[in-house]
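Let me begin by presenting the structure, written as structure tokens, before commenting on it.
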Amino acid sequence: MNVPITERLAAGSEVRAWEDTIPFRYEYTAGVAGEKFLRGLRDGEILAGLCPSCGLTSLPLRMYCVDCYAEVTKSVRVRPAGVVRALARGARTFAYVEFDGVKGGLVHTLIGSARVGSRVVVRFRPKRQRVGALSDVLGFERSG
Amino acid sequence: MIKRRVAVIGAGMTLFRRRMLETGRELSYEASRMALEAAGMSMKDVESVVIGTAPDAFDGVHMKGEYLIEGAGGVGRANTRVYVGGGTGVFTPVGGWWHVASGLFDTCLVVGEEKMSPLRPHPQSAFWSIFDHTTERPLGVTLLWIFALEMRRYMHAHNVTEEDIALVAVKNKMNALDHPCAQIASKITVDDVMNSEKIVWPVKRYDVSPPSDGAAAAVLVSEDVARKFTKDPVWIDGVGWNVDTQYWTNRELCYPAYVERAARMAYKMAKIEDPRRQLDFAEVYDPFDYKELHHMEGLLLAKKGEAPRLTREGVTQRNGEFPVNPSGGLLGVGNPIAAAGMMKVCEVFWQLRGEAGRRQVRGKRAERGLAQAWGDLLQCGTVITMKG
């Protein structure tokens, strides 16, 4: 059944109107922690923050502890194997994955098939193709 | 009515630079951590957070208040973003003030942040869409164009010369040489200003503050909490804000009446009848050099048309009778919008605590000061008065 939508103005041409754009272009810095995280990807590593105060290991890597607000300067390599917590299926399938002993997780493309609860590994691009960007990761792939 | 006194017990700020590696969150974190350390507090002591940040278009992040919340320490707390354009920096502690004065919270961390460098080629393009779409936007105007109109109107109304106005840029950039976070401190002359690049006459390159990245923060607390953490609180004794119509064509450009209304609100609260005598100095919003003069008059620190003469006679120098912008202001320290106004509040705090080092007005601890910011489309004034 169609749901009707009633418009007051069906077309802009019925009244005085013009088209315009707001031409914004950006160049973002990844930041202190982001820089470290992206360089880690280039080296084939997932880096998480390790809080010197409360001991929390968390993703994404940040310069502060999300729990106790202490400054986080130390990062640790996360074992690149985790568990699928949620999936979104469309033209591409995205998986939200958490890693053992780490608060938070990462979203990326699911390679092949998996279910919520499946164990997956992080699949990186070949070393020579990595540039220090999220695209250095191809996605998650079911393990075992 | 106002229920409780509100104290500032700590302040901190990052470097102001054209382009910082730190993200907006990271800048917010650094400023907040410094403010908490100065207060002798940890985040556990903080009940509420007010974040001030100007258009989302600068950082290039929509919902910037939500984006900054982690760095500013607002996660899991009563967190609010406030926004009144360029007036946001001083409005941020005003927001923090009402959190505490109302009795709702004993502590409030207030954080001003702006990261303008991501927007290319220049952050000015963020303002293209703020103009009225029927009467102005089709002209392709920029903010500099409207500032040129306002500056020219001020010059005409009071017979002020470009050289008179340039003295403000010379003073503030010189003051900023003593500010450890300053972006464009320098010793320049009136001739340097006059010979700098014409942008939109009469506005020239050195009349204008730069775009910047940075953050500044302060810790606001109730009187009971203040007594626990310090013997030396600084009190916020007056706050005021006022917003006019966005149709700037509906008001006299040579005088910021909305700043006067904001100032009168703050002065009434602080029981200030003669601001020039009862205040020791002022941090007046100076994104352009003529704006310092304009705002001094709106704040009733000078009669209409009198601010250029006071500047010429040295009254507003750091060692003058009434120092204006001893920090170096936006013209010298830099202008990360919301952080710049917040920097002024931090400067008043440091001046009243005797912690401003070589910037200390007349070489000694001040007793009473004011910070002011201005924004939206030439339409908003925000004012805060503080005393030691």
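In the structure tokens, chains take letters A, B, ... by order of appearance, with residues numbered from 1 within each chain and ligands from 1 in the order shown.
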Q) Taking the backbone alone, and naming residues the way the document does, which bits of region 8-204 of chain B are strand (DSSP E) by DSSP, as a ChimeraX atom specification? A) /B:8-13,48-53,78-82,107-115,119-120,198-200,203-204
Q) Which chain A residues are at most 8 Å from chain B (counting only C-alpha atoms), as an MDAnalysis selection string? A) chainID A and resid 22:32 63:64 66 68:69
Q: Would you kindly return, as a ChimeraX atom specification, each protein, DNA or RNA residue with an atom no farther than 12 Å from any atom of Trp350 (chain B), considering only C-alpha atoms and excluding same-chain residues fewer than 3 positions away?
A: /B:8-13,35,38,179,218,232-234,283,326-327,343-347,353-361,364-369,386-388
I need the residues from that last selection saved to file as a short mmCIF file (atom, residue, chain, number, x, y, z; two decimals), in the first residue's frame (with N, CA, C and O atoms), if you can.
```
data_model
loop_
_atom_site.label_atom_id
_atom_site.label_comp_id
_atom_site.auth_asym_id
_atom_site.auth_seq_id
_atom_site.Cartn_x
_atom_site.Cartn_y
_atom_site.Cartn_z
N VAL B 8 36.11 30.57 39.98
CA VAL B 8 37.00 29.89 39.04
C VAL B 8 38.23 29.49 39.85
O VAL B 8 38.80 30.32 40.55
N ILE B 9 38.62 28.22 39.76
CA ILE B 9 39.77 27.78 40.57
C ILE B 9 40.89 27.17 39.74
O ILE B 9 41.91 26.73 40.28
N GLY B 10 40.72 27.12 38.42
CA GLY B 10 41.80 26.60 37.59
C GLY B 10 41.55 26.94 36.13
O GLY B 10 40.39 27.03 35.71
N ALA B 11 42.63 27.15 35.38
CA ALA B 11 42.49 27.45 33.95
C ALA B 11 43.66 26.84 33.20
O ALA B 11 44.74 26.65 33.76
N GLY B 12 43.42 26.54 31.93
CA GLY B 12 44.49 25.98 31.10
C GLY B 12 44.21 26.22 29.63
O GLY B 12 43.05 26.40 29.25
N MET B 13 45.25 26.24 28.84
CA MET B 13 45.05 26.40 27.40
C MET B 13 46.19 25.77 26.62
O MET B 13 47.29 25.60 27.14
N ALA B 35 43.60 22.63 33.10
CA ALA B 35 42.71 23.38 34.01
C ALA B 35 42.45 22.58 35.28
O ALA B 35 42.46 23.12 36.40
N ALA B 38 45.55 22.58 37.44
CA ALA B 38 45.71 23.89 38.10
C ALA B 38 44.76 24.01 39.29
O ALA B 38 45.07 24.66 40.29
N HIS B 179 53.24 36.08 25.84
CA HIS B 179 52.29 34.98 26.04
C HIS B 179 52.88 33.69 25.47
O HIS B 179 53.14 33.61 24.26
N ALA B 218 38.43 26.06 31.85
CA ALA B 218 38.48 26.54 33.24
C ALA B 218 37.55 25.68 34.09
O ALA B 218 36.61 25.07 33.59
N ASP B 232 42.60 30.74 47.18
CA ASP B 232 42.70 31.87 46.27
C ASP B 232 41.70 31.78 45.11
O ASP B 232 42.09 31.80 43.95
N PRO B 233 40.41 31.70 45.41
CA PRO B 233 39.44 31.62 44.31
C PRO B 233 39.26 32.96 43.62
O PRO B 233 39.50 34.00 44.21
N VAL B 234 38.87 32.89 42.38
CA VAL B 234 38.49 34.10 41.64
C VAL B 234 36.98 34.01 41.40
O VAL B 234 36.49 32.99 40.95
N GLU B 283 39.77 42.38 28.95
CA GLU B 283 40.10 41.57 27.77
C GLU B 283 38.92 41.73 26.81
O GLU B 283 37.87 41.12 26.98
N PRO B 326 45.85 42.80 27.79
CA PRO B 326 47.23 42.52 28.20
C PRO B 326 47.72 41.15 27.72
O PRO B 326 48.92 40.93 27.59
N SER B 327 46.80 40.24 27.41
CA SER B 327 47.20 38.92 26.92
C SER B 327 47.88 39.01 25.56
O SER B 327 48.73 38.19 25.22
N MET B 343 40.13 31.96 26.13
CA MET B 343 41.49 32.40 26.49
C MET B 343 41.42 33.71 27.25
O MET B 343 42.18 33.94 28.20
N LYS B 344 40.50 34.59 26.86
CA LYS B 344 40.37 35.88 27.54
C LYS B 344 39.91 35.69 28.99
O LYS B 344 40.37 36.38 29.90
N VAL B 345 39.00 34.75 29.18
CA VAL B 345 38.54 34.46 30.54
C VAL B 345 39.70 33.88 31.37
O VAL B 345 39.88 34.23 32.53
N CYS B 346 40.48 33.00 30.75
CA CYS B 346 41.67 32.45 31.43
C CYS B 346 42.63 33.58 31.80
O CYS B 346 43.21 33.59 32.90
N GLU B 347 42.81 34.53 30.89
CA GLU B 347 43.73 35.64 31.16
C GLU B 347 43.26 36.46 32.35
O GLU B 347 44.07 36.84 33.21
N ARG B 353 44.85 36.23 39.83
CA ARG B 353 45.62 35.38 40.75
C ARG B 353 47.08 35.80 40.83
O ARG B 353 47.86 35.21 41.58
N GLY B 354 47.45 36.76 40.03
CA GLY B 354 48.86 37.17 40.01
C GLY B 354 49.73 36.13 39.34
O GLY B 354 50.93 36.01 39.64
N GLU B 355 49.16 35.37 38.38
CA GLU B 355 49.90 34.29 37.72
C GLU B 355 50.20 34.60 36.26
O GLU B 355 50.53 33.69 35.49
N ALA B 356 50.05 35.87 35.88
CA ALA B 356 50.22 36.21 34.46
C ALA B 356 51.67 36.56 34.11
O ALA B 356 51.96 36.91 32.96
N GLY B 357 52.57 36.44 35.07
CA GLY B 357 54.00 36.65 34.78
C GLY B 357 54.26 38.03 34.21
O GLY B 357 53.81 39.04 34.75
N ARG B 358 54.99 38.06 33.09
CA ARG B 358 55.37 39.35 32.49
C ARG B 358 54.16 40.09 31.92
O ARG B 358 54.26 41.26 31.57
N ARG B 359 53.04 39.39 31.81
CA ARG B 359 51.84 40.06 31.28
C ARG B 359 51.05 40.78 32.36
O ARG B 359 50.06 41.47 32.08
N GLN B 360 51.45 40.61 33.62
CA GLN B 360 50.69 41.18 34.73
C GLN B 360 50.50 42.69 34.52
O GLN B 360 51.47 43.41 34.30
N VAL B 361 49.24 43.14 34.59
CA VAL B 361 48.98 44.56 34.30
C VAL B 361 49.60 45.45 35.37
O VAL B 361 49.48 45.19 36.56
N LYS B 364 51.54 44.20 38.66
CA LYS B 364 51.05 43.69 39.94
C LYS B 364 49.73 42.94 39.76
O LYS B 364 49.11 42.99 38.69
N ARG B 365 49.34 42.31 40.80
CA ARG B 365 48.11 41.53 40.77
C ARG B 365 46.91 42.47 40.65
O ARG B 365 46.80 43.45 41.39
N ALA B 366 46.02 42.15 39.71
CA ALA B 366 44.82 42.97 39.54
C ALA B 366 43.71 42.46 40.44
O ALA B 366 43.73 41.31 40.89
N GLU B 367 42.76 43.33 40.72
CA GLU B 367 41.67 42.94 41.62
C GLU B 367 40.38 42.63 40.89
O GLU B 367 39.55 41.86 41.35
N ARG B 368 40.21 43.28 39.73
CA ARG B 368 38.93 43.12 39.06
C ARG B 368 39.13 43.26 37.55
O ARG B 368 39.80 44.19 37.10
N GLY B 369 38.54 42.35 36.79
CA GLY B 369 38.70 42.41 35.33
C GLY B 369 37.47 41.94 34.59
O GLY B 369 36.53 41.40 35.19
N MET B 386 34.97 39.50 36.68
CA MET B 386 35.53 38.63 37.71
C MET B 386 36.32 39.47 38.72
O MET B 386 36.87 40.51 38.37
N LYS B 387 36.37 38.98 39.95
CA LYS B 387 37.20 39.68 40.94
C LYS B 387 37.91 38.68 41.84
O LYS B 387 37.45 37.57 42.05
N GLY B 388 39.05 39.12 42.35
CA GLY B 388 39.87 38.23 43.16
C GLY B 388 39.39 38.16 44.59
O GLY B 388 38.44 38.80 44.98
#
```
Q: List the neighbours of Lys291 (chain B) out to 12 Å using only C-alpha atoms; skip same-chain residues closer than 4 positions along the sequence, and give me the result as a PyMOL selection string.
A: chain B and resi 147-148+150-152+154-155+165-166+168-169+203+207-209+253-256+259+284-287+295-299+307-308+329-331+372-375+378
**Q.** All residues 7 Å or closer to Gln183 (chain B), only C-alpha atoms, same chain fewer than 2 positions away omitted, as a PyMOL selection string
**A.** chain B and resi 16-17+181+185+332-334
**Q.** Interatomic distance, CA of Ile184 (chain B) to CA of Pro210 (chain B) (Å, one decimal)
**A.** 8.0 Å
Q: Can you work out which one of A:Gly139, A:Gly144, A:Gly132, A:Pro80 has the shortest atom-to-atom distance to Ala95 (chain A), counting only C-alpha atoms?
A: A:Gly139
